[in-house]
file upload_30.cif (mmCIF, C-alpha atoms and all ligand atoms)
data_model
loop_
_atom_site.label_atom_id
_atom_site.label_comp_id
_atom_site.auth_asym_id
_atom_site.auth_seq_id
_atom_site.Cartn_x
_atom_site.Cartn_y
_atom_site.Cartn_z
CA MET A 1 -5.78 -22.58 -3.44
CA ASP A 2 -2.08 -21.83 -3.89
CA ALA A 3 -0.42 -20.61 -0.65
CA CYS A 4 2.92 -19.46 0.77
CA ASP A 5 4.27 -18.15 4.07
CA LEU A 6 5.82 -14.89 2.89
CA LEU A 7 4.68 -13.11 -0.26
CA VAL A 8 7.10 -10.61 -1.80
CA VAL A 9 5.54 -8.35 -4.42
CA GLY A 10 8.22 -7.23 -6.92
CA ALA A 11 11.51 -8.93 -7.80
CA GLY A 12 13.65 -5.79 -8.08
CA PRO A 13 16.56 -5.22 -5.68
CA ALA A 14 14.22 -4.67 -2.70
CA GLY A 15 12.19 -7.79 -3.39
CA CYS A 16 15.26 -9.99 -3.99
CA ALA A 17 16.93 -8.67 -0.81
CA ALA A 18 13.72 -9.40 1.13
CA ALA A 19 13.47 -12.93 -0.28
CA VAL A 20 17.10 -13.84 0.41
CA ALA A 21 17.06 -12.27 3.89
CA ALA A 22 13.86 -14.16 4.73
CA ARG A 23 15.31 -17.50 3.64
CA ARG A 24 18.47 -16.82 5.63
CA ALA A 25 16.50 -15.87 8.75
CA ALA A 26 14.13 -18.87 8.51
CA PRO A 27 15.51 -21.47 6.04
CA GLY A 28 12.35 -23.61 5.90
CA LEU A 29 10.07 -20.70 5.08
CA ASP A 30 8.01 -20.85 1.86
CA VAL A 31 8.92 -17.53 0.22
CA ARG A 32 7.13 -16.57 -2.99
CA VAL A 33 8.11 -13.56 -5.11
CA VAL A 34 5.73 -12.37 -7.82
CA ASP A 35 6.70 -9.87 -10.50
CA ALA A 36 4.71 -8.40 -13.36
CA ALA A 37 7.72 -8.54 -15.69
CA ARG A 38 9.76 -11.27 -17.33
CA PHE A 39 13.49 -10.97 -16.61
CA PRO A 40 15.80 -9.68 -17.99
CA ARG A 41 13.77 -6.46 -17.96
CA GLU A 42 14.77 -2.82 -18.34
CA LYS A 43 14.55 -0.32 -15.48
CA PRO A 44 15.42 3.36 -16.01
CA CYS A 45 18.35 3.97 -13.64
CA GLY A 46 21.80 5.55 -13.49
CA GLY A 47 22.96 2.21 -12.09
CA ALA A 48 25.36 3.67 -9.53
CA LEU A 49 25.92 1.29 -6.65
CA THR A 50 27.74 3.44 -4.12
CA GLY A 51 30.03 1.92 -1.52
CA GLY A 52 27.07 2.18 0.86
CA ALA A 53 24.88 0.25 -1.59
CA GLN A 54 27.54 -2.44 -2.01
CA ARG A 55 27.70 -2.78 1.78
CA GLU A 56 23.92 -3.27 1.85
CA LEU A 57 24.17 -5.79 -0.99
CA ALA A 58 26.60 -7.88 1.06
CA LEU A 59 24.51 -7.52 4.25
CA ALA A 60 21.53 -8.84 2.28
CA GLY A 61 23.52 -11.93 1.29
CA LEU A 62 23.74 -10.89 -2.37
CA GLU A 63 26.80 -10.59 -4.60
CA LEU A 64 27.75 -8.17 -7.36
CA ARG A 65 28.40 -10.63 -10.21
CA VAL A 66 27.57 -8.58 -13.31
CA ARG A 67 29.91 -6.39 -15.35
CA HIS A 68 30.33 -2.93 -13.86
CA ALA A 69 32.46 0.20 -14.16
CA VAL A 70 34.58 0.92 -11.07
CA VAL A 71 34.57 4.61 -10.14
CA THR A 72 37.04 5.99 -7.62
CA HIS A 73 36.17 9.72 -7.61
CA ALA A 74 33.13 11.98 -7.47
CA LEU A 75 33.07 15.38 -9.14
CA LEU A 76 30.65 17.87 -7.62
CA ARG A 77 29.92 21.08 -9.52
CA VAL A 78 28.12 23.73 -7.48
CA GLU A 79 28.08 27.54 -7.38
CA GLY A 80 30.48 27.65 -10.32
CA LEU A 81 33.10 25.54 -8.48
CA ALA A 82 34.21 21.97 -9.20
CA ARG A 83 35.17 19.75 -6.25
CA ARG A 84 36.75 16.39 -7.11
CA VAL A 85 37.00 14.01 -4.17
CA GLU A 86 38.16 10.45 -3.77
CA LEU A 87 35.44 8.00 -2.74
CA PRO A 88 36.62 6.11 0.36
CA ARG A 89 35.03 3.05 -1.26
CA PRO A 90 34.77 3.02 -5.06
CA ALA A 91 31.32 2.98 -6.64
CA ALA A 92 30.24 0.33 -9.17
CA VAL A 93 28.04 1.38 -12.09
CA VAL A 94 25.88 -1.42 -13.48
CA ARG A 95 23.12 -1.68 -16.06
CA ARG A 96 19.92 -2.66 -14.33
CA ILE A 97 18.82 -5.11 -17.02
CA GLU A 98 21.84 -7.23 -16.02
CA LEU A 99 21.94 -6.61 -12.26
CA ASP A 100 18.25 -7.28 -11.62
CA HIS A 101 18.24 -10.48 -13.68
CA ASP A 102 21.21 -11.76 -11.69
CA LEU A 103 19.56 -10.84 -8.37
CA VAL A 104 16.54 -12.94 -9.37
CA LEU A 105 18.89 -15.88 -10.03
CA GLN A 106 20.43 -15.36 -6.58
CA ALA A 107 17.00 -15.22 -4.90
CA ARG A 108 16.08 -18.52 -6.57
CA ALA A 109 19.38 -20.06 -5.51
CA ALA A 110 18.57 -19.04 -1.92
CA GLY A 111 15.38 -21.12 -2.11
CA ALA A 112 12.75 -18.49 -2.93
CA ARG A 113 10.28 -19.18 -5.71
CA VAL A 114 10.11 -16.29 -8.19
CA ASP A 115 7.03 -16.18 -10.45
CA GLU A 116 7.48 -13.91 -13.49
CA GLU A 117 4.63 -12.36 -15.51
CA ALA A 118 2.51 -12.68 -12.37
CA PRO A 119 1.34 -9.12 -11.67
CA LEU A 120 -0.33 -8.32 -8.39
CA LEU A 121 -3.89 -7.23 -9.20
CA ALA A 122 -5.47 -6.90 -5.76
CA LEU A 123 -4.41 -7.38 -2.16
CA GLU A 124 -6.69 -8.35 0.71
CA PRO A 125 -5.63 -9.43 4.20
CA GLY A 126 -3.97 -12.82 3.66
CA LEU A 127 -4.95 -13.07 -0.02
CA ALA A 128 -3.29 -11.74 -3.16
CA ARG A 129 -4.95 -11.84 -6.56
CA THR A 130 -2.29 -12.09 -9.25
CA GLY A 131 -2.30 -12.54 -13.01
CA ALA A 132 -1.23 -16.15 -12.33
CA GLY A 133 -4.11 -16.83 -9.94
CA PRO A 134 -5.02 -16.23 -6.28
CA LEU A 135 -2.41 -16.82 -3.58
CA ARG A 136 -2.84 -17.06 0.19
CA PHE A 137 -0.04 -15.66 2.37
CA ARG A 138 0.71 -15.09 6.07
CA ALA A 139 2.81 -11.92 5.69
CA ALA A 140 3.93 -9.76 2.77
CA VAL A 141 6.69 -7.42 1.68
CA ALA A 142 5.46 -4.82 -0.82
CA ALA A 143 8.48 -4.10 -3.05
CA ASP A 144 6.76 -3.21 -6.33
CA GLY A 145 8.62 0.03 -6.89
CA VAL A 146 7.32 3.49 -7.65
CA GLY A 147 4.52 2.37 -9.98
CA GLY A 148 3.24 -0.81 -8.33
CA PRO A 149 -0.27 -1.14 -6.90
CA SER A 150 0.63 -2.29 -3.34
CA ARG A 151 0.45 1.03 -1.53
CA ARG A 152 -2.99 1.82 -2.91
CA ALA A 153 -4.18 -1.73 -2.23
CA LEU A 154 -3.03 -1.38 1.38
CA GLY A 155 -4.92 1.89 1.75
CA LEU A 156 -1.72 3.96 1.98
CA GLY A 157 -1.22 7.32 0.32
CA PRO A 158 0.85 7.67 -2.87
CA GLY A 159 3.64 9.62 -1.14
CA ARG A 160 5.77 12.13 -3.06
CA ARG A 161 7.50 11.43 -6.36
CA ALA A 162 10.59 13.03 -7.86
CA PRO A 163 10.90 13.13 -11.66
CA LEU A 164 14.04 11.92 -13.49
CA ARG A 165 15.21 11.57 -17.07
CA GLU A 166 17.98 9.15 -18.01
CA THR A 167 19.69 8.33 -21.26
CA GLN A 168 22.94 6.72 -22.38
CA LEU A 169 25.90 8.29 -24.11
CA GLU A 170 27.42 6.11 -26.80
CA ALA A 171 31.01 6.68 -25.68
CA ALA A 172 32.65 7.24 -22.29
CA GLY A 173 34.00 10.80 -22.08
CA GLN A 174 34.95 10.95 -18.40
CA GLY A 175 35.42 8.52 -15.53
CA ASP A 176 33.96 10.12 -12.39
CA LEU A 177 30.54 10.13 -10.73
CA LEU A 178 29.79 13.66 -11.96
CA PHE A 179 27.02 15.64 -10.21
CA ASP A 180 26.28 19.10 -11.63
CA LEU A 181 24.12 21.11 -9.26
CA ASP A 182 24.41 24.15 -11.54
CA ALA A 183 22.59 22.45 -14.44
CA ALA A 184 19.75 24.76 -15.49
CA GLY A 185 16.22 23.54 -14.78
CA ALA A 186 17.26 20.53 -12.66
CA GLY A 187 18.09 19.71 -9.05
CA TYR A 188 21.23 18.19 -10.51
CA ALA A 189 22.46 16.52 -13.69
CA TRP A 190 24.71 13.45 -13.71
CA ARG A 191 27.20 11.57 -15.86
CA PHE A 192 28.29 8.10 -14.70
CA PRO A 193 30.67 5.82 -16.67
CA CYS A 194 29.26 2.37 -17.37
CA PHE A 195 29.36 -0.53 -19.84
CA VAL A 196 26.56 -1.07 -22.35
CA GLU A 197 26.73 -4.45 -24.08
CA GLY A 198 30.38 -4.68 -23.08
CA ARG A 199 31.36 -1.27 -24.51
CA PRO A 200 32.38 1.74 -22.39
CA ALA A 201 29.52 4.26 -22.29
CA GLU A 202 27.94 6.70 -19.85
CA SER A 203 24.63 7.10 -18.11
CA CYS A 204 23.51 10.72 -18.28
CA GLY A 205 20.45 12.21 -16.65
CA VAL A 206 18.72 14.86 -14.59
CA TYR A 207 16.94 14.76 -11.24
CA ALA A 208 14.69 17.26 -9.51
CA LEU A 209 12.37 17.25 -6.52
CA ALA A 210 9.51 18.49 -8.73
CA GLY A 211 8.70 19.94 -12.15
CA GLY A 212 9.04 16.93 -14.45
CA ALA A 213 7.74 18.72 -17.56
CA ALA A 214 10.86 20.90 -17.78
CA LEU A 215 13.31 18.05 -17.27
CA THR A 216 13.48 16.76 -20.85
CA GLY A 217 14.64 20.22 -21.96
CA ALA A 218 17.04 20.40 -19.01
CA LEU A 219 18.67 17.11 -20.06
CA ARG A 220 18.96 18.27 -23.68
CA GLU A 221 20.57 21.53 -22.54
CA PHE A 222 22.95 19.71 -20.16
CA ALA A 223 24.07 17.36 -22.96
CA ARG A 224 24.58 20.33 -25.30
CA ARG A 225 26.71 22.18 -22.74
CA GLU A 226 28.75 19.05 -22.04
CA GLY A 227 29.23 18.46 -25.78
CA VAL A 228 27.89 14.89 -25.58
CA LEU A 229 25.40 13.02 -27.73
CA PRO A 230 22.57 10.98 -26.12
CA ALA A 231 22.09 7.58 -27.78
CA ALA A 232 18.29 7.80 -27.43
CA PRO A 233 15.65 10.22 -26.17
CA ALA A 234 15.04 9.98 -22.41
CA THR A 235 11.79 8.46 -21.20
CA PRO A 236 10.00 10.08 -18.23
CA SER A 237 10.57 8.19 -14.99
CA ALA A 238 10.35 8.83 -11.27
CA LEU A 239 11.23 7.60 -7.82
CA ARG A 240 9.27 7.86 -4.59
CA LEU A 241 10.83 10.11 -1.96
CA PHE A 242 11.37 8.79 1.53
CA GLU A 243 9.31 10.78 4.04
CA PRO A 244 10.29 10.68 7.72
CA GLY A 245 7.20 9.66 9.66
CA GLY A 246 5.51 8.26 6.52
CA PRO A 247 3.87 4.82 6.48
CA VAL A 248 6.09 1.71 6.63
CA GLY A 249 3.31 -0.78 5.92
CA ALA A 250 -0.19 -1.85 6.89
CA GLY A 251 -1.48 -4.98 8.60
CA ALA A 252 0.96 -7.84 7.95
CA ALA A 253 2.51 -6.11 4.90
CA LEU A 254 5.79 -4.14 5.07
CA LEU A 255 6.82 -1.55 2.46
CA ALA A 256 10.35 -1.83 1.04
CA GLY A 257 12.43 -0.15 -1.65
CA ASP A 258 10.78 2.53 -3.78
CA ALA A 259 7.41 1.49 -2.34
CA LEU A 260 8.78 2.90 0.95
CA GLY A 261 10.95 5.69 -0.48
CA ALA A 262 14.43 6.65 -1.69
CA ASP A 263 16.99 9.32 -0.79
CA PRO A 264 15.62 12.73 -1.84
CA LEU A 265 19.07 14.38 -1.87
CA ALA A 266 20.90 12.29 -4.49
CA GLY A 267 17.99 10.18 -5.77
CA GLU A 268 19.93 7.16 -4.51
CA GLY A 269 17.53 4.26 -4.28
CA LEU A 270 19.49 1.01 -4.69
CA ARG A 271 21.14 1.28 -1.28
CA TYR A 272 17.80 1.87 0.40
CA ALA A 273 16.00 -0.82 -1.59
CA LEU A 274 18.56 -3.41 -0.45
CA TRP A 275 18.49 -2.04 3.11
CA SER A 276 14.73 -1.93 3.64
CA GLY A 277 14.20 -5.17 1.70
CA ARG A 278 16.70 -7.01 3.88
CA ILE A 279 15.24 -5.68 7.14
CA ALA A 280 11.64 -6.33 6.06
CA GLY A 281 12.38 -9.87 4.84
CA ALA A 282 14.32 -10.89 7.95
CA LEU A 283 11.82 -9.33 10.36
CA ALA A 284 8.81 -10.92 8.66
CA ALA A 285 10.52 -14.33 8.47
CA ARG A 286 11.43 -14.34 12.18
CA ALA A 287 7.89 -13.35 13.15
CA LEU A 288 6.40 -16.10 10.96
CA ALA A 289 8.86 -18.68 12.32
CA ARG A 290 7.58 -17.81 15.83
CA GLY A 291 4.02 -18.29 14.61
CA GLY A 292 3.23 -14.57 14.70
CA ALA A 293 3.00 -11.65 12.28
CA PRO A 294 5.51 -8.85 11.64
CA SER A 295 5.09 -5.75 13.78
CA LEU A 296 5.03 -2.38 12.01
CA ARG A 297 6.35 -0.74 15.18
CA ALA A 298 9.36 -3.10 15.28
CA TYR A 299 9.97 -2.54 11.54
CA ARG A 300 9.96 1.26 11.93
CA ALA A 301 12.37 0.99 14.86
CA ARG A 302 14.74 -1.31 12.93
CA LEU A 303 14.75 1.05 9.96
CA ALA A 304 15.38 4.08 12.12
CA GLY A 305 18.15 2.48 14.16
CA SER A 306 20.42 1.41 11.27
CA ARG A 307 23.27 3.31 9.58
CA SER A 308 21.42 3.66 6.27
CA GLY A 309 18.25 4.68 8.14
CA LEU A 310 20.05 7.49 9.91
CA LEU A 311 21.57 8.65 6.62
CA LEU A 312 18.17 8.60 4.91
CA GLN A 313 16.76 10.78 7.68
CA LEU A 314 19.65 13.18 7.14
CA THR A 315 19.23 13.36 3.35
CA ALA A 316 15.46 13.86 3.70
CA ARG A 317 16.20 16.96 5.79
CA LEU A 318 18.94 18.29 3.53
CA ALA A 319 17.25 17.90 0.12
CA PRO A 320 14.55 20.59 0.33
CA ARG A 321 17.08 23.05 1.70
CA LEU A 322 19.61 22.40 -1.04
CA TYR A 323 17.15 22.37 -3.95
CA ALA A 324 14.80 25.14 -2.80
CA GLY A 325 17.36 27.71 -3.90
CA GLN A 326 18.53 28.59 -0.40
CA GLY A 327 21.93 30.14 -1.07
CA ARG A 328 23.57 29.25 2.23
CA TRP A 329 22.95 25.53 1.61
CA ARG A 330 24.38 25.71 -1.89
CA ARG A 331 27.38 27.62 -0.58
CA ALA A 332 27.77 24.99 2.18
CA ALA A 333 27.72 22.26 -0.49
CA ALA A 334 30.59 24.03 -2.29
CA ASP A 335 32.74 23.74 0.86
CA PRO A 336 35.44 21.11 0.16
CA ARG A 337 34.90 19.56 3.62
CA VAL A 338 31.24 19.01 2.81
CA ALA A 339 32.15 17.44 -0.55
CA GLU A 340 34.48 15.06 1.29
CA ALA A 341 31.86 14.28 3.93
CA LEU A 342 29.32 13.58 1.18
CA ALA A 343 31.78 11.20 -0.49
CA ALA A 344 32.25 9.39 2.85
CA LEU A 345 28.49 9.18 3.33
CA VAL A 346 27.70 7.69 -0.06
CA SER A 347 30.63 5.31 0.32
CA GLY A 348 29.14 3.90 3.50
CA ALA A 349 32.36 4.83 5.31
CA ALA A 350 31.61 6.15 8.78
CA PRO A 351 31.99 8.55 10.41
CA ALA A 352 30.79 11.39 8.24
CA GLY A 353 31.21 13.95 11.01
CA PRO A 354 31.37 17.33 9.24
CA LEU A 355 28.17 16.92 7.24
CA LEU A 356 26.31 15.38 10.14
CA ALA A 357 27.33 18.18 12.53
CA LEU A 358 26.45 20.85 9.97
CA THR A 359 23.09 19.28 9.25
CA VAL A 360 22.06 18.67 12.84
CA ARG A 361 22.86 22.32 13.61
CA LEU A 362 20.99 23.76 10.64
CA ALA A 363 18.12 21.33 10.40
CA ALA A 364 16.96 21.50 14.02
CA GLY A 365 13.21 21.19 14.25
CA ALA A 366 12.72 18.83 11.28
CA PRO A 367 10.47 15.79 11.90
CA ALA A 368 12.05 12.65 13.40
CA LEU A 369 12.13 9.31 11.55
CA VAL A 370 10.30 7.65 14.45
CA SER A 371 7.14 9.72 14.59
CA ARG A 372 4.16 9.11 16.85
CA SER A 373 1.89 10.56 14.15
CA GLY A 374 2.80 7.80 11.65
CA PRO A 375 1.18 4.35 11.76
CA ALA A 376 2.74 2.21 14.50
C1 LIG B 401 16.18 7.57 -14.04
C2 LIG B 401 16.56 6.98 -12.68
C3 LIG B 401 17.89 6.94 -12.32
C4 LIG B 401 18.25 6.36 -11.10
N1 LIG B 401 19.59 6.25 -10.80
C5 LIG B 401 19.95 5.65 -9.65
C6 LIG B 401 21.33 5.42 -9.37
O1 LIG B 401 22.22 5.71 -10.16
N2 LIG B 401 21.65 4.82 -8.18
C7 LIG B 401 20.70 4.45 -7.28
O2 LIG B 401 21.03 3.94 -6.21
N3 LIG B 401 19.37 4.62 -7.55
C8 LIG B 401 18.98 5.19 -8.70
N4 LIG B 401 17.65 5.32 -8.99
C9 LIG B 401 16.66 4.77 -8.07
C10 LIG B 401 16.54 3.25 -8.23
O3 LIG B 401 16.37 2.92 -9.59
C11 LIG B 401 15.35 2.72 -7.42
O4 LIG B 401 15.37 3.31 -6.14
C12 LIG B 401 15.39 1.19 -7.29
O5 LIG B 401 15.20 0.58 -8.53
C13 LIG B 401 14.31 0.71 -6.31
O6 LIG B 401 14.33 -0.70 -6.29
P1 LIG B 401 12.97 -1.49 -5.97
O7 LIG B 401 13.33 -2.92 -5.90
O8 LIG B 401 12.28 -0.87 -4.83
O9 LIG B 401 12.04 -1.19 -7.23
P2 LIG B 401 12.19 -1.60 -8.75
O10 LIG B 401 13.60 -1.77 -9.11
O11 LIG B 401 11.39 -0.60 -9.51
O12 LIG B 401 11.49 -3.04 -8.83
C14 LIG B 401 10.10 -3.15 -8.64
C15 LIG B 401 9.62 -4.40 -9.29
O13 LIG B 401 8.21 -4.51 -9.05
C16 LIG B 401 7.61 -5.02 -10.22
N5 LIG B 401 6.19 -4.67 -10.25
C17 LIG B 401 5.61 -3.50 -10.57
N6 LIG B 401 4.28 -3.62 -10.53
C18 LIG B 401 4.00 -4.88 -10.15
C19 LIG B 401 2.81 -5.63 -9.93
N7 LIG B 401 1.58 -5.10 -10.13
N8 LIG B 401 2.92 -6.92 -9.54
C20 LIG B 401 4.13 -7.50 -9.35
N9 LIG B 401 5.30 -6.84 -9.56
C21 LIG B 401 5.22 -5.55 -9.95
C22 LIG B 401 8.40 -4.43 -11.36
O14 LIG B 401 8.28 -5.20 -12.54
C23 LIG B 401 9.82 -4.43 -10.81
O15 LIG B 401 10.52 -5.60 -11.18
C24 LIG B 401 17.25 5.89 -10.20
C25 LIG B 401 15.91 5.97 -10.56
C26 LIG B 401 15.55 6.49 -11.79
C27 LIG B 401 14.09 6.53 -12.18
#
call {"tool": "encode", "arguments": {"input": "upload_30.cif", "output": "structure tokens"}}
result
Amino acid sequence: MDACDLLVVGAGPAGCAAAVAARRAAPGLDVRVVDAARFPREKPCGGALTGGAQRELALAGLELRVRHAVVTHALLRVEGLARRVELPRPAAVVRRIELDHDLVLQARAAGARVDEEAPLLALEPGLARTGAGPLRFRAAVAADGVGGPSRRALGLGPGRRAPLRETQLEAAGQGDLLFDLDAAGAGYAWRFPCFVEGRPAESCGVYALAGGAALTGALREFARREGVLPAAPATPSALRLFEPGGPVGAGAALLAGDALGADPLAGEGLRYALWSGRIAGALAARALARGGAPSLRAYRARLAGSRSGLLLQLTARLAPRLYAGQGRWRRAAADPRVAEALAALVSGAAPAGPLLALTVRLAAGAPALVSRSGPA
């Protein structure tokens, strides 16, 4: 029967980061990535790689080689005010069909084998059943996104999902990362400049913590108010929300990317996919190279102790407060110092003192990332 050392389920950003990090940590390791799709494949996404995401991309040993729009400012609309702030590190807006295909090429160049059109069908300890046949493995990274079967196969709960709607505008009308927290019926609406088939365009969409049914109307209304024309109707999509204390894996399988969870405040997932994928891949590879298996306790500790992990804990605490209609949080978000601190946070430029201080004060009592109630 076919066999490998490390199985990575899903060849999105989390899976590619895991594969490359594993090969870097243990160069002789037999790393196999299986994906249900054939690349290039579409993935609904705004495509914004913040400065923090680009930092994680580099830490994972990956490069940004595809065409992207460079964005130097964020525009935050909240409580009827507009705050425009410079991003300490510019963001890059990509199209996922191009980025993800290139990441697969980089994973292959790093020595990982990537099998396309090989969907995971079932997962047992040490054995994966895929559309391309059964495969034995010693450890696994489950990086099959929000809709993949890994979590269920590992006996883990589905977690919480946030609905999104994304579409493209045929022409670029503005050049900032625009977040409109006043958009009716949504947590926020966005407009990000990008390139589609080489032409300037925009990604436009809406995000909310819940209530997906109303979002299509919210996007239509946002586009009408902005005076812009969507190129195509938006398809329903979602991301899984990171939950402090939630599961990080089971047995010898570690969750990464959307299988683990994304930032509930901004819906930012690429940074955290690259972050958790890298940590999972490297940790699993080192354990296998020693002849052992990855420890869930060590994985949780590594996630919690990193810069992106601390930020994710912070955003998980802030999101319900901001989007549950609590006025003082919305008024706090309209404070120019908070807008600047947010820009520093998403740019991966530390320190982000004002927001951190504000949050720690107001969010006292929220659950910790390292929780004894979660699986060790
Ligand atoms: C509308 C929308 C807009 C977004 N905008 C942004 C943004 O602007 N910036 C940002 O940072 N984040 C954004 N996100 C979040 C971001 O897209 C995700 O967090 C990110 O794609 C997660 O990466 P991943 O590698 O974990 O999962 P994915 O990119 O979803 O990759 C998972 C892979 O697993 C594969 N797979 C699925 N099932 C199986 C199976 N059975 N067997 C094998 N493989 C399987 C899939 O084919 C896919 O290739 C957005 C999300 C949505 C929905």
call {"tool": "residues_near_ligand", "arguments": {"input": "upload_30.cif", "ligand": "ligand LIG 401 (chain B)", "cutoff": "7 Å", "atoms": "all atoms listed in the file", "output": "compact mmCIF listing (two decimals) with C-alpha atoms, in the frame of the given file"}}
result
# COMPACT_ATOMS: atom_id res chain seq x y z
CA VAL A 9 5.54 -8.35 -4.42
CA GLY A 10 8.22 -7.23 -6.92
CA ALA A 11 11.51 -8.93 -7.80
CA GLY A 12 13.65 -5.79 -8.08
CA PRO A 13 16.56 -5.22 -5.68
CA ALA A 14 14.22 -4.67 -2.70
CA GLY A 15 12.19 -7.79 -3.39
CA VAL A 34 5.73 -12.37 -7.82
CA ASP A 35 6.70 -9.87 -10.50
CA ALA A 36 4.71 -8.40 -13.36
CA ALA A 37 7.72 -8.54 -15.69
CA LYS A 43 14.55 -0.32 -15.48
CA PRO A 44 15.42 3.36 -16.01
CA CYS A 45 18.35 3.97 -13.64
CA GLY A 46 21.80 5.55 -13.49
CA GLY A 47 22.96 2.21 -12.09
CA ALA A 48 25.36 3.67 -9.53
CA LEU A 49 25.92 1.29 -6.65
CA ALA A 118 2.51 -12.68 -12.37
CA PRO A 119 1.34 -9.12 -11.67
CA LEU A 120 -0.33 -8.32 -8.39
CA LEU A 121 -3.89 -7.23 -9.20
CA ALA A 143 8.48 -4.10 -3.05
CA ASP A 144 6.76 -3.21 -6.33
CA GLY A 145 8.62 0.03 -6.89
CA VAL A 146 7.32 3.49 -7.65
CA GLY A 147 4.52 2.37 -9.98
CA GLY A 148 3.24 -0.81 -8.33
CA PRO A 149 -0.27 -1.14 -6.90
CA LEU A 164 14.04 11.92 -13.49
CA ARG A 165 15.21 11.57 -17.07
CA GLU A 166 17.98 9.15 -18.01
CA GLY A 205 20.45 12.21 -16.65
CA SER A 237 10.57 8.19 -14.99
CA ALA A 238 10.35 8.83 -11.27
CA LEU A 239 11.23 7.60 -7.82
CA ALA A 256 10.35 -1.83 1.04
CA GLY A 257 12.43 -0.15 -1.65
CA ASP A 258 10.78 2.53 -3.78
CA ALA A 259 7.41 1.49 -2.34
CA ALA A 262 14.43 6.65 -1.69
CA GLY A 267 17.99 10.18 -5.77
CA GLU A 268 19.93 7.16 -4.51
CA GLY A 269 17.53 4.26 -4.28
CA LEU A 270 19.49 1.01 -4.69
CA ARG A 271 21.14 1.28 -1.28
CA ALA A 273 16.00 -0.82 -1.59
call {"tool": "residues_around", "arguments": {"input": "upload_30.cif", "residues": "Ala162 (chain A)", "least_positions_apart": "4", "cutoff": "7 Å", "atoms": "all atoms listed in the file", "output": "count of residues only"}}
result
7
call {"tool": "atom_distance", "arguments": {"input": "upload_30.cif", "atom1": "CA of Leu169 (chain A)", "atom2": "CA of Ala334 (chain A)"}}
result
27.3 Å
call {"tool": "residues_around", "arguments": {"input": "upload_30.cif", "residues": "Ala319 (chain A)", "least_positions_apart": "2", "cutoff": "9 Å", "atoms": "only C-alpha atoms", "output": "PyMOL selection string"}}
result
chain A and resi 209+263-266+314-317+321-324
call {"tool": "residues_near_point", "arguments": {"input": "upload_30.cif", "point": "(19.8, -15.3, -8.3)", "cutoff": "12 Å", "atoms": "all atoms listed in the file", "output": "PyMOL selection string"}}
result
chain A and resi 11-13+15-17+19-20+39-40+61-66+98-114
call {"tool": "closest_residue", "arguments": {"input": "upload_30.cif", "among": "A:Ile97, A:Ala142, A:Cys4, A:Ala333", "to": "Val31 (chain A)", "atoms": "only C-alpha atoms"}}
result
A:Cys4
call {"tool": "atom_distance", "arguments": {"input": "upload_30.cif", "atom1": "CA of Ala289 (chain A)", "atom2": "CA of Ala26 (chain A)"}}
result
6.5 Å
call {"tool": "closest_residue", "arguments": {"input": "upload_30.cif", "among": "A:Ala344, A:Ala186, A:Ala250, A:Ala21", "to": "Ser276 (chain A)", "atoms": "all atoms listed in the file"}}
result
A:Ala21
call {"tool": "atom_distance", "arguments": {"input": "upload_30.cif", "atom1": "CA of Leu57 (chain A)", "atom2": "CA of Leu274 (chain A)"}}
result
6.1 Å
call {"tool": "closest_residue", "arguments": {"input": "upload_30.cif", "among": "A:Leu177, A:Ala332, A:Leu127, A:Ala18", "to": "Glu86 (chain A)", "atoms": "all atoms listed in the file"}}
result
A:Leu177
call {"tool": "closest_residue", "arguments": {"input": "upload_30.cif", "among": "A:Ala223, A:Leu303, A:Leu123, A:Ala25", "to": "Cys204 (chain A)", "atoms": "only C-alpha atoms"}}
result
A:Ala223
call {"tool": "closest_residue", "arguments": {"input": "upload_30.cif", "among": "A:Ala304, A:Leu75, A:Ala69, A:Leu135", "to": "Val196 (chain A)", "atoms": "only C-alpha atoms"}}
result
A:Ala69
call {"tool": "axis_aligned_box", "arguments": {"input": "upload_30.cif", "around": "region 151-164 of chain A", "padding_each_side": "6 Å", "output": "AutoDock Vina command-line options"}}
result
--center_x 4.6 --center_y 5.7 --center_z -5.8 --size_x 31.0 --size_y 26.9 --size_z 27.5
